[in-house]
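File shown: data_38.cif (mmCIF, C-alpha atoms).
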data_work
loop_
_atom_site.label_atom_id
_atom_site.label_comp_id
_atom_site.auth_asym_id
_atom_site.auth_seq_id
_atom_site.Cartn_x
_atom_site.Cartn_y
_atom_site.Cartn_z
CA MET Y 40 14.81 15.60 41.89
CA GLY Y 41 17.33 16.55 39.20
CA GLU Y 42 17.55 20.07 37.80
CA ASP Y 43 16.28 18.96 34.39
CA ARG Y 44 13.21 17.33 35.90
CA ARG Y 45 12.51 20.38 38.01
CA LEU Y 46 12.81 22.67 35.01
CA ALA Y 47 10.48 20.40 33.04
CA SER Y 48 7.95 20.45 35.87
CA VAL Y 49 8.04 24.26 36.03
CA VAL Y 50 7.43 24.45 32.28
CA ALA Y 51 4.56 21.95 32.56
CA LEU Y 52 2.94 23.98 35.36
CA ALA Y 53 3.20 27.21 33.36
CA GLN Y 54 1.82 25.55 30.24
CA GLY Y 55 -1.07 24.02 32.17
CA MET Y 56 -2.12 27.40 33.56
CA ALA Y 57 -1.68 29.10 30.19
CA ALA Y 58 -4.00 26.55 28.57
CA ALA Y 59 -6.76 27.19 31.13
CA HIS Y 60 -9.92 28.89 29.83
CA ALA Y 61 -11.48 29.78 33.18
CA PRO Y 62 -10.29 30.61 36.72
CA ARG Y 63 -11.19 27.18 38.09
CA GLU Y 64 -9.16 25.49 35.38
CA SER Y 65 -6.24 27.76 36.18
CA TRP Y 66 -6.44 27.02 39.93
CA ARG Y 67 -6.60 23.28 39.30
CA ALA Y 68 -3.67 23.40 36.87
CA ALA Y 69 -1.61 25.32 39.44
CA ALA Y 70 -2.31 22.88 42.27
CA LEU Y 71 -1.81 19.78 40.14
CA GLY Y 72 1.38 21.11 38.59
CA ALA Y 73 2.86 21.94 41.99
CA CYS Y 74 1.81 18.60 43.46
CA ARG Y 75 3.54 16.71 40.67
CA ALA Y 76 6.61 18.93 40.71
CA LEU Y 77 7.13 18.36 44.45
CA ALA Y 78 6.15 14.67 44.38
CA GLY Y 79 3.31 15.40 46.77
CA SER Y 80 0.20 13.37 47.45
CA PHE Y 81 -2.10 16.39 47.93
CA ALA Y 82 -2.11 20.08 47.04
CA ALA Y 83 -4.34 23.08 47.61
CA LEU Y 84 -4.49 26.68 46.45
CA SER Y 85 -5.96 29.27 48.81
CA VAL Y 86 -6.66 32.99 48.57
CA TRP Y 87 -6.46 35.55 51.36
CA GLU Y 88 -9.79 37.39 51.42
CA ARG Y 89 -8.78 40.51 53.28
CA GLU Y 90 -12.27 41.96 53.55
CA LEU Y 91 -13.44 38.79 55.34
CA GLY Y 92 -10.23 38.09 57.24
CA GLN Y 93 -10.05 34.52 56.02
CA LEU Y 94 -7.97 32.14 53.96
CA ARG Y 95 -10.40 30.53 51.50
CA VAL Y 96 -9.53 27.29 49.73
CA LEU Y 97 -10.08 27.50 45.99
CA VAL Y 98 -9.13 23.97 44.97
CA ASN Y 99 -7.98 20.65 46.48
CA VAL Y 100 -6.29 18.03 44.31
CA GLY Y 101 -4.66 14.63 44.82
CA ASP Y 102 -5.53 12.27 47.68
CA ARG Y 103 -8.32 14.23 49.31
CA ALA Y 104 -9.70 13.45 52.76
CA PRO Y 105 -13.40 12.43 52.90
CA HIS Y 106 -14.59 15.97 53.67
CA GLU Y 107 -12.32 17.73 51.16
CA GLU Y 108 -14.01 18.76 47.90
CA GLU Y 109 -12.13 19.58 44.73
CA PHE Y 110 -13.75 23.01 44.47
CA PRO Y 111 -15.10 23.69 47.97
CA GLU Y 112 -17.88 26.21 48.38
CA ASP Y 113 -17.23 27.13 51.99
CA GLU Y 114 -13.83 25.81 53.13
CA ALA Y 115 -12.21 28.82 54.78
CA TYR Y 116 -10.12 29.47 57.85
CA PRO Y 117 -9.71 32.63 59.96
CA VAL Y 118 -6.44 34.16 58.87
CA HIS Y 119 -5.37 34.72 62.49
CA GLN Y 120 -4.98 30.94 62.73
CA PHE Y 121 -2.23 31.18 60.11
CA PRO Y 122 -0.24 34.28 61.10
CA GLU Y 123 2.62 33.39 58.76
CA ILE Y 124 0.46 34.56 55.84
CA THR Y 125 0.17 38.05 57.35
CA GLU Y 126 2.67 38.93 60.08
CA PHE Y 127 5.45 36.67 58.82
CA LEU Y 128 5.30 38.01 55.29
CA HIS Y 129 5.12 41.59 56.50
CA GLU Y 130 8.15 41.14 58.74
CA ARG Y 131 10.16 39.57 55.94
CA TRP Y 132 9.32 42.35 53.46
CA VAL Y 133 10.00 45.12 55.95
CA GLY Y 134 13.43 43.62 56.42
CA GLY Y 135 14.06 43.64 52.69
CA GLY Y 136 13.50 39.93 52.17
CA GLY Y 137 11.13 38.22 49.79
CA PRO Y 138 8.47 35.62 50.46
CA SER Y 139 9.84 32.11 50.75
CA ALA Y 140 8.31 28.73 51.47
CA TRP Y 141 8.70 26.66 54.61
CA VAL Y 142 8.01 23.09 55.75
CA GLU Y 143 5.76 21.81 58.51
CA THR Y 144 5.63 18.22 59.73
CA ALA Y 145 3.17 16.30 61.85
CA GLU Y 146 5.66 16.81 64.66
CA GLY Y 147 6.10 20.57 64.17
CA PRO Y 148 8.03 23.04 61.97
CA ALA Y 149 10.99 21.98 59.89
CA ALA Y 150 12.78 23.80 57.04
CA GLY Y 151 12.04 27.51 56.82
CA GLN Y 152 10.63 27.77 60.34
CA PRO Y 153 8.37 30.85 60.23
CA GLY Y 154 7.03 29.74 63.59
CA TYR Y 155 5.11 26.83 65.03
CA CYS Y 156 1.60 26.66 63.60
CA HIS Y 157 -0.57 24.43 65.76
CA GLN Y 158 -3.44 24.46 63.25
CA ARG Y 159 -1.28 23.14 60.40
CA VAL Y 160 0.29 20.44 62.55
CA ALA Y 161 -3.13 19.35 63.83
CA ALA Y 162 -4.50 19.32 60.28
CA LEU Y 163 -1.65 17.12 59.07
CA ARG Y 164 -2.28 14.61 61.84
CA ARG Y 165 -6.04 14.68 61.37
CA ARG Y 166 -5.79 14.02 57.64
CA GLY Y 167 -3.09 11.40 57.79
CA ARG Y 168 -0.35 13.48 56.19
CA GLY Y 169 3.22 13.51 57.31
CA CYS Y 170 4.49 16.89 56.12
CA CYS Y 171 3.66 19.89 53.98
CA VAL Y 172 5.42 22.74 52.27
CA VAL Y 173 3.69 26.15 52.29
CA ALA Y 174 4.61 28.78 49.71
CA PRO Y 175 3.17 32.32 49.86
CA ILE Y 176 1.83 33.64 46.57
CA VAL Y 177 2.51 37.30 45.84
CA LEU Y 178 0.48 39.06 43.16
CA HIS Y 179 0.81 42.73 42.20
CA GLY Y 180 3.21 43.23 45.10
CA ARG Y 181 0.80 41.97 47.76
CA ALA Y 182 0.29 38.68 49.55
CA TRP Y 183 -2.45 36.96 47.52
CA GLY Y 184 -2.65 33.57 49.23
CA GLU Y 185 -0.72 30.34 49.46
CA LEU Y 186 0.24 27.18 47.65
CA TYR Y 187 0.15 24.11 49.90
CA VAL Y 188 1.60 20.70 49.00
CA ALA Y 189 1.59 17.70 51.37
CA ARG Y 190 3.01 14.20 51.46
CA SER Y 191 1.54 11.13 53.12
CA VAL Y 192 2.81 9.63 56.35
CA GLY Y 193 5.89 7.53 55.61
CA ALA Y 194 6.94 9.53 52.55
CA PRO Y 195 10.23 11.48 52.68
CA VAL Y 196 9.89 14.78 54.54
CA PHE Y 197 10.30 17.92 52.49
CA ASP Y 198 13.73 19.52 52.91
CA ARG Y 199 15.22 22.96 52.42
CA GLY Y 200 15.72 22.33 48.71
CA ASP Y 201 12.03 21.44 48.34
CA ALA Y 202 11.06 24.64 50.15
CA ASP Y 203 13.24 26.73 47.82
CA PHE Y 204 11.73 24.97 44.81
CA ALA Y 205 8.21 25.60 46.15
CA THR Y 206 9.09 29.32 46.30
CA VAL Y 207 9.91 29.19 42.58
CA LEU Y 208 6.69 27.32 41.82
CA ALA Y 209 4.69 29.92 43.75
CA ALA Y 210 6.19 32.65 41.57
CA VAL Y 211 5.19 30.72 38.44
CA VAL Y 212 1.68 30.29 39.84
CA ALA Y 213 1.48 34.04 40.54
CA ALA Y 214 2.39 34.78 36.92
CA GLY Y 215 -0.29 32.35 35.74
CA LEU Y 216 -2.90 33.92 38.01
CA ALA Y 217 -2.03 37.37 36.67
CA GLN Y 218 -2.57 36.09 33.13
CA THR Y 219 -5.91 34.57 34.16
CA GLU Y 220 -6.99 37.90 35.65
CA ARG Y 221 -6.12 39.70 32.41
CA LEU Y 222 -8.05 37.17 30.34
CA GLU Y 223 -11.08 37.39 32.62
CA GLU Y 224 -11.05 41.17 32.41
CA ALA Y 225 -10.83 40.97 28.61
CA ARG Y 226 -13.76 38.56 28.53
CA ARG Y 227 -15.75 40.78 30.87
CA LEU Y 228 -15.16 43.82 28.67
CA ALA Y 229 -16.04 41.84 25.55
CA PHE Y 230 -19.47 41.00 26.98
CA THR Y 231 -20.22 44.22 28.88
CA ASP Y 232 -21.73 47.52 27.77
CA ALA Y 233 -19.25 50.20 28.81
CA LEU Y 234 -21.82 52.92 29.56
CA THR Y 235 -24.40 51.02 31.61
CA GLY Y 236 -22.41 48.07 32.94
CA LEU Y 237 -25.11 45.73 31.61
CA ALA Y 238 -24.43 42.82 29.29
CA ASN Y 239 -23.97 43.79 25.65
CA ARG Y 240 -25.36 42.45 22.37
CA ARG Y 241 -22.65 39.83 22.06
CA ALA Y 242 -23.57 38.38 25.45
CA VAL Y 243 -27.25 38.27 24.44
CA ASP Y 244 -26.39 36.47 21.20
CA VAL Y 245 -24.50 33.76 23.07
CA ARG Y 246 -27.00 33.32 25.91
CA LEU Y 247 -30.05 33.36 23.62
CA GLU Y 248 -28.58 30.67 21.36
CA GLU Y 249 -27.87 28.53 24.43
CA ALA Y 250 -31.34 29.17 25.87
CA VAL Y 251 -33.19 28.20 22.69
CA GLU Y 252 -31.03 25.10 22.33
CA ARG Y 253 -32.03 24.16 25.88
CA HIS Y 254 -35.69 24.79 25.01
CA ARG Y 255 -35.44 22.46 22.05
CA ARG Y 256 -33.76 19.84 24.20
CA ASP Y 257 -35.92 19.81 27.33
CA GLY Y 258 -38.75 22.29 26.83
CA SER Y 259 -37.38 24.98 29.16
CA MET Y 260 -39.34 28.23 28.98
CA VAL Y 261 -37.43 31.05 27.31
CA SER Y 262 -38.67 34.63 27.33
CA LEU Y 263 -37.22 37.77 25.79
CA VAL Y 264 -38.23 41.33 26.64
CA VAL Y 265 -37.10 43.95 24.12
CA CYS Y 266 -37.33 47.62 25.10
CA ASP Y 267 -36.93 50.87 23.19
CA LEU Y 268 -36.32 53.89 25.41
CA ASN Y 269 -38.60 56.68 24.21
CA GLY Y 270 -37.43 60.27 23.98
CA LEU Y 271 -33.67 59.74 23.94
CA LYS Y 272 -33.20 61.73 20.72
CA ARG Y 273 -35.16 64.64 22.15
CA VAL Y 274 -33.03 64.62 25.30
CA ASN Y 275 -29.83 64.49 23.26
CA ASP Y 276 -30.96 67.31 20.96
CA THR Y 277 -32.22 69.64 23.68
CA LEU Y 278 -30.13 68.84 26.74
CA GLY Y 279 -27.00 67.30 25.26
CA HIS Y 280 -25.54 63.83 24.94
CA ALA Y 281 -24.12 63.85 28.47
CA VAL Y 282 -27.67 64.11 29.82
CA GLY Y 283 -28.77 61.45 27.31
CA ASP Y 284 -26.06 59.17 28.66
CA ARG Y 285 -27.38 59.73 32.18
CA LEU Y 286 -30.85 58.70 30.98
CA LEU Y 287 -29.41 55.51 29.48
CA GLU Y 288 -27.53 54.76 32.70
CA ARG Y 289 -30.62 55.46 34.82
CA PHE Y 290 -32.81 53.20 32.71
CA GLY Y 291 -30.08 50.55 32.78
CA SER Y 292 -30.28 50.59 36.58
CA VAL Y 293 -34.08 50.23 36.43
CA LEU Y 294 -33.75 47.33 34.01
CA SER Y 295 -31.21 45.63 36.27
CA LEU Y 296 -33.49 46.07 39.28
CA CYS Y 297 -36.48 44.59 37.45
CA GLY Y 298 -34.38 41.79 35.99
CA ALA Y 299 -33.42 40.76 39.52
CA MET Y 300 -37.08 39.80 40.04
CA LEU Y 301 -36.53 36.93 37.57
CA PRO Y 302 -33.94 34.43 38.84
CA GLY Y 303 -30.97 34.22 36.51
CA ALA Y 304 -32.29 36.81 34.03
CA LEU Y 305 -29.77 38.62 31.82
CA ALA Y 306 -30.20 42.40 31.56
CA ALA Y 307 -28.54 43.91 28.51
CA ARG Y 308 -28.19 46.98 26.34
CA LEU Y 309 -28.44 45.99 22.69
CA GLY Y 310 -27.14 49.35 21.51
CA GLY Y 311 -28.37 52.92 21.23
CA ASP Y 312 -31.71 53.21 23.04
CA GLU Y 313 -32.50 49.48 22.86
CA PHE Y 314 -32.36 47.13 25.84
CA CYS Y 315 -33.54 43.61 26.66
CA LEU Y 316 -34.13 41.04 29.39
CA LEU Y 317 -33.56 37.34 28.73
CA ALA Y 318 -35.12 34.87 31.15
CA VAL Y 319 -34.87 31.07 31.11
CA GLY Y 320 -37.19 29.07 33.35
CA PRO Y 321 -39.83 31.48 34.73
CA PRO Y 322 -43.31 31.20 33.16
CA ALA Y 323 -44.40 33.87 30.71
CA GLY Y 324 -46.82 35.35 33.22
CA ASP Y 325 -44.00 36.19 35.62
CA VAL Y 326 -41.96 37.75 32.84
CA VAL Y 327 -44.90 39.89 31.69
CA LYS Y 328 -45.44 41.14 35.27
CA VAL Y 329 -41.80 42.20 35.43
CA ALA Y 330 -42.14 43.90 32.03
CA GLU Y 331 -45.18 45.79 33.35
CA GLU Y 332 -43.16 46.92 36.37
CA LEU Y 333 -40.37 47.99 34.04
CA CYS Y 334 -42.78 50.12 31.99
CA ARG Y 335 -44.18 51.70 35.15
CA ARG Y 336 -40.76 52.59 36.53
CA ALA Y 337 -39.52 53.87 33.18
CA GLY Y 338 -42.55 56.15 32.97
CA GLU Y 339 -41.57 57.70 36.29
CA LEU Y 340 -38.06 58.69 35.19
CA ALA Y 341 -37.52 62.45 35.18
CA LEU Y 342 -36.06 62.32 31.67
CA GLY Y 343 -37.36 60.55 28.59
CA ASP Y 344 -40.88 59.44 27.68
CA GLY Y 345 -41.12 55.96 29.10
CA VAL Y 346 -40.36 52.81 27.20
CA ALA Y 347 -41.89 50.71 24.40
CA CYS Y 348 -41.74 47.11 25.55
CA GLY Y 349 -42.34 43.85 23.68
CA VAL Y 350 -42.34 40.33 25.10
CA ALA Y 351 -41.97 37.00 23.32
CA SER Y 352 -41.99 33.66 25.10
CA THR Y 353 -41.94 30.01 24.15
CA ASP Y 354 -44.78 29.74 26.70
CA GLU Y 355 -47.14 31.71 24.43
CA ALA Y 356 -49.06 30.87 21.23
CA VAL Y 357 -46.31 31.95 18.84
CA GLY Y 358 -45.71 28.65 17.08
CA PRO Y 359 -42.53 26.56 17.22
CA VAL Y 360 -39.40 28.43 18.28
CA ARG Y 361 -36.56 26.54 16.66
CA SER Y 362 -34.04 29.36 16.51
CA ALA Y 363 -32.85 32.27 18.60
CA ARG Y 364 -33.52 34.56 15.63
CA ARG Y 365 -37.23 33.72 15.58
CA LEU Y 366 -37.70 34.52 19.28
CA PHE Y 367 -35.78 37.74 18.83
CA ARG Y 368 -37.93 38.74 15.85
CA LEU Y 369 -41.10 38.04 17.82
CA ALA Y 370 -39.99 40.20 20.74
CA ASP Y 371 -38.81 42.94 18.40
CA ALA Y 372 -42.10 42.93 16.49
CA ALA Y 373 -44.00 43.15 19.79
CA GLN Y 374 -41.86 46.10 20.82
CA TYR Y 375 -42.54 47.76 17.45
CA GLN Y 376 -46.28 47.33 18.01
CA ALA Y 377 -45.98 48.82 21.50
CA LYS Y 378 -44.20 51.85 20.06
CA ALA Y 379 -46.74 52.26 17.24
CA ARG Y 380 -49.63 52.11 19.72
CA ARG Y 381 -47.84 54.40 22.23
CA ALA Y 382 -48.62 51.71 24.79
CA ASP Y 383 -47.59 52.22 28.39
CA ARG Y 384 -47.76 48.45 28.95
CA PRO Y 385 -45.86 45.65 27.26
CA VAL Y 386 -47.21 44.02 24.11
CA VAL Y 387 -46.93 40.23 24.27
CA ALA Y 388 -46.48 38.20 21.09
CA GLY Y 389 -49.15 35.53 20.60
CA ARG Y 390 -51.81 36.92 22.95
CA GLU Y 391 -54.18 38.29 20.34
CA GLY Y 392 -55.40 35.03 18.88
CA PRO Y 393 -54.63 33.22 15.62
CA ASP Y 394 -54.37 36.48 13.67
CA ASP Y 395 -51.99 38.11 16.13
CA PRO Y 396 -50.42 41.03 14.21
CA VAL Y 397 -47.15 40.65 16.14
CA VAL Y 398 -46.66 37.06 15.00
CA GLN Y 399 -47.62 37.97 11.44
CA LEU Y 400 -45.15 40.83 11.44
CA ALA Y 401 -42.35 38.66 12.82
CA ASP Y 402 -43.03 35.90 10.29
CA ALA Y 403 -43.36 38.22 7.28
CA PRO Y 404 -41.16 36.71 4.53
CA SER Y 405 -40.46 40.02 2.80
CA GLU Y 406 -39.57 43.50 4.01
CA PRO Y 407 -40.72 43.95 7.60
CA GLN Y 408 -42.94 46.86 8.53
CA ALA Y 409 -40.53 47.86 11.27
CA PRO Y 410 -37.30 49.68 10.40
CA GLU Y 411 -34.21 47.52 9.97
CA ARG Y 412 -32.46 48.74 13.05
CA ARG Y 413 -30.30 45.87 14.14
CA ARG Y 414 -28.56 42.66 13.24
CA PHE Y 415 -28.74 39.25 14.86
CA ARG Y 416 -25.76 37.00 14.29
CA GLY Y 417 -24.65 39.13 11.34
CA ARG Y 418 -27.97 38.96 9.45
CA ARG Y 419 -30.38 41.84 9.14
CA TRP Y 420 -33.88 41.37 10.49
CA GLY Y 421 -36.12 40.21 7.64
CA GLU Y 422 -33.17 39.60 5.33
CA ASP Y 423 -33.96 35.94 4.70
CA ALA Y 424 -36.10 35.00 1.69
CA GLY Y 425 -38.50 32.76 3.62
CA PRO Y 426 -40.08 32.47 7.03
CA PRO Y 427 -37.74 32.03 9.97
CA PRO Y 428 -36.87 28.46 10.95
#

This structure in structure tokens:
Amino acid sequence: MGEDRRLASVVALAQGMAAAHAPRESWRAAALGACRALAGSFAALSVWERELGQLRVLVNVGDRAPHEEEFPEDEAYPVHQFPEITEFLHERWVGGGGPSAWVETAEGPAAGQPGYCHQRVAALRRRGRGCCVVAPIVLHGRAWGELYVARSVGAPVFDRGDADFATVLAAVVAAGLAQTERLEEARRLAFTDALTGLANRRAVDVRLEEAVERHRRDGSMVSLVVCDLNGLKRVNDTLGHAVGDRLLERFGSVLSLCGAMLPGALAARLGGDEFCLLAVGPPAGDVVKVAEELCRRAGELALGDGVACGVASTDEAVGPVRSARRLFRLADAAQYQAKARRADRPVVAGREGPDDPVVQLADAPSEPQAPERRRFRGRRWGEDAGPPP
């Protein structure tokens, strides 16, 4: 391959990884880019999971064997079967060298020659491939995993020049993976409450919109539990904000524990002393039981005065729920009623008959009786001139 074509292939690989919006997309772009750059028929990207002592395959692309999945769930190999990823790299670095790629063939090692690897040779034969080039990937100064590109039987065998080029490609892949890690961390921080580690309001906004859209589409049950932690101001005023923060963290842990009782539930801190659970799928009865457990556990905390808890569900008699804002208003109104009644159990919207005060409060077209404490999607609660859609 000419130098211009190789340069173009490196640029294409880097651009493909840069355009990825999720780790899987980045892995796939890396493997595909390397496969094309090296004129391979198959490529894989694997990560060394040190804590498990295994090399786990993240993605397979190209001409896959019948048992090879694009994104395998459980394709992993004991790292001792591939000592070149550990001992070979260590020996090279101790000697002042850098990681470089090597070639294996169905007959044994070729260019690079880190040592005969029976498992790789057997795998090539078993899968009908004639040769492969293996390039270690180094990230943050440590061996991260490997880039593997193979050619079919009968295709030209990789040579020393291909191995050197694979080393360059592995470095480009490492840079792309580092960028993906930074983007994932930024996304995590954007949707995480820094104090409690729970999801934040932005995450709730996104997930609730998606959940209600799914409800409109296929009737999936959607439930929202909104909680107001009682006594936080008193704790802050008498014991200090550091103790108040500990109360928020402790309740966040309780909320997370209770949320785990509902498969797939999202536990979040909305802000201040307000928290919520969002569940999609479980019936309202199951959600109410979890809310009751949450109230019980919150009441047993050494600090604070329990929690005011409101529940709204599309599984209850609350009328049509055509928007995320309506479900949120219902849960918020139920929480307000729980606080006004000093209830030690959750108040559930729609359970008090046709004149349910919670539903009436949520649907009030003018100023709500509850304080305007929060926004949903940039609009204050009760701000609209008519009933919610």

Next on the checklist: What's the separation between CA of Leu163 in chain Y and CA of Val188 in chain Y, in Å to one decimal place?
Outcome noted: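 According to the coordinates, CA of Leu163 in chain Y and CA of Val188 in chain Y are separated by 11.2 Å.
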
Quick one: everything within 9 Å of Ala347 in chain Y, counting all atoms listed in the file, minus sequence neighbours fewer than 6 positions away in the same chain. Send it as a PDB file with C-alpha atoms, keeping the file's coordinate frame.
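around03.pdb, written as the output of this step:
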ATOM      1  CA  VAL Y 265     -37.100  43.950  24.120  1.00  0.00           C
ATOM      2  CA  CYS Y 266     -37.330  47.620  25.100  1.00  0.00           C
ATOM      3  CA  ASP Y 267     -36.930  50.870  23.190  1.00  0.00           C
ATOM      4  CA  LEU Y 268     -36.320  53.890  25.410  1.00  0.00           C
ATOM      5  CA  ASN Y 269     -38.600  56.680  24.210  1.00  0.00           C
ATOM      6  CA  CYS Y 334     -42.780  50.120  31.990  1.00  0.00           C
ATOM      7  CA  GLN Y 374     -41.860  46.100  20.820  1.00  0.00           C
ATOM      8  CA  TYR Y 375     -42.540  47.760  17.450  1.00  0.00           C
ATOM      9  CA  GLN Y 376     -46.280  47.330  18.010  1.00  0.00           C
ATOM     10  CA  ALA Y 377     -45.980  48.820  21.500  1.00  0.00           C
ATOM     11  CA  LYS Y 378     -44.200  51.850  20.060  1.00  0.00           C
ATOM     12  CA  ALA Y 379     -46.740  52.260  17.240  1.00  0.00           C
ATOM     13  CA  ARG Y 381     -47.840  54.400  22.230  1.00  0.00           C
ATOM     14  CA  ALA Y 382     -48.620  51.710  24.790  1.00  0.00           C
ATOM     15  CA  ASP Y 383     -47.590  52.220  28.390  1.00  0.00           C
ATOM     16  CA  ARG Y 384     -47.760  48.450  28.950  1.00  0.00           C
ATOM     17  CA  PRO Y 385     -45.860  45.650  27.260  1.00  0.00           C
ATOM     18  CA  VAL Y 386     -47.210  44.020  24.110  1.00  0.00           C
TER      19      VAL Y 386
END

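The residues returned by the PyMOL selection byres ((chain Y and resi 174) around 8) on the shown structure are Pro138, Ser139, Ala140, Trp141, Val172, Val173, Pro175, Ile176, Glu185, Leu186, Tyr187, Ala202, Ala205, Thr206 and Ala209 of chain Y.
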
Checklist entry - Looking at all atoms listed in the file, which of Y:Glu112, Y:Glu391, Y:Glu146, Y:Glu332 is the one that sits closest to Cys170 in chain Y? => result Y:Glu146

Checklist entry - Do you have the CA of Thr144 in chain Y-CA of Gly180 in chain Y distance handy? => result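 Rounded to one decimal, the two atoms are 29.1 Å apart.
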
Next on the checklist: Here is a test: counting only C-alpha atoms, which residue of Y:Glu249, Y:Lys272, Y:Asp257, Y:Gln120 is nearest to Asp284 in chain Y?
Outcome noted: Y:Lys272

Next on the checklist: Nearest residue to Val211 in chain Y out of Y:Ala229, Y:Ala53, Y:Val293, Y:Ala73, using only C-alpha atoms?
Outcome noted: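 When distances to Val211 in chain Y are compared using only C-alpha atoms, the smallest one comes from Y:Ala53.
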
Checklist entry - Expressed in Å to a single decimal, how great is the separation between CA of Gly101 in chain Y and CA of Ala68 in chain Y? => result 11.9 Å

Checklist entry - Pick from Y:Phe290, Y:Val261, Y:Asp344, Y:Glu355: nearest to Val319 in chain Y, with only C-alpha atoms counted? => result Y:Val261

Item to check | Neighbour residues at most 8 Å from (4.0, 17.6, 50.6) (only C-alpha atoms) as a PyMOL selection string | outcome: chain Y and resi 74+77-82+169-172+187-191+196-197

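Evaluated on this file, the PyMOL selection byres ((chain Y and resi 343) around 9) matches Leu268, Asn269, Gly270, Leu271, Lys272, Arg273, Val274, Gly283, Leu286, Ala337, Gly338, Leu340, Ala341, Leu342, Asp344, Gly345 and Val346 of chain Y.
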
Next on the checklist: Using all atoms listed in the file and a cutoff of 12 Å, can you tell me which residues are near (-7.6, 24.0, 36.9) in the file's coordinates, and write them out as a PyMOL selection string?
Outcome noted: chain Y and resi 52-73+83-84+97-100+109-110+212+215-216+219

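With distances taken over all atoms listed in the file, Y:Asp102 is the one residue among Y:Asp371, Y:Glu252, Y:Glu313, Y:Asp102 lying closest to Gly167 in chain Y.
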
Item to check | Resolved residues for the PyMOL selection byres ((chain Y and resi 116) around 8) as a ChimeraX atom specification | outcome: /Y:93-95,114-115,117-118,120
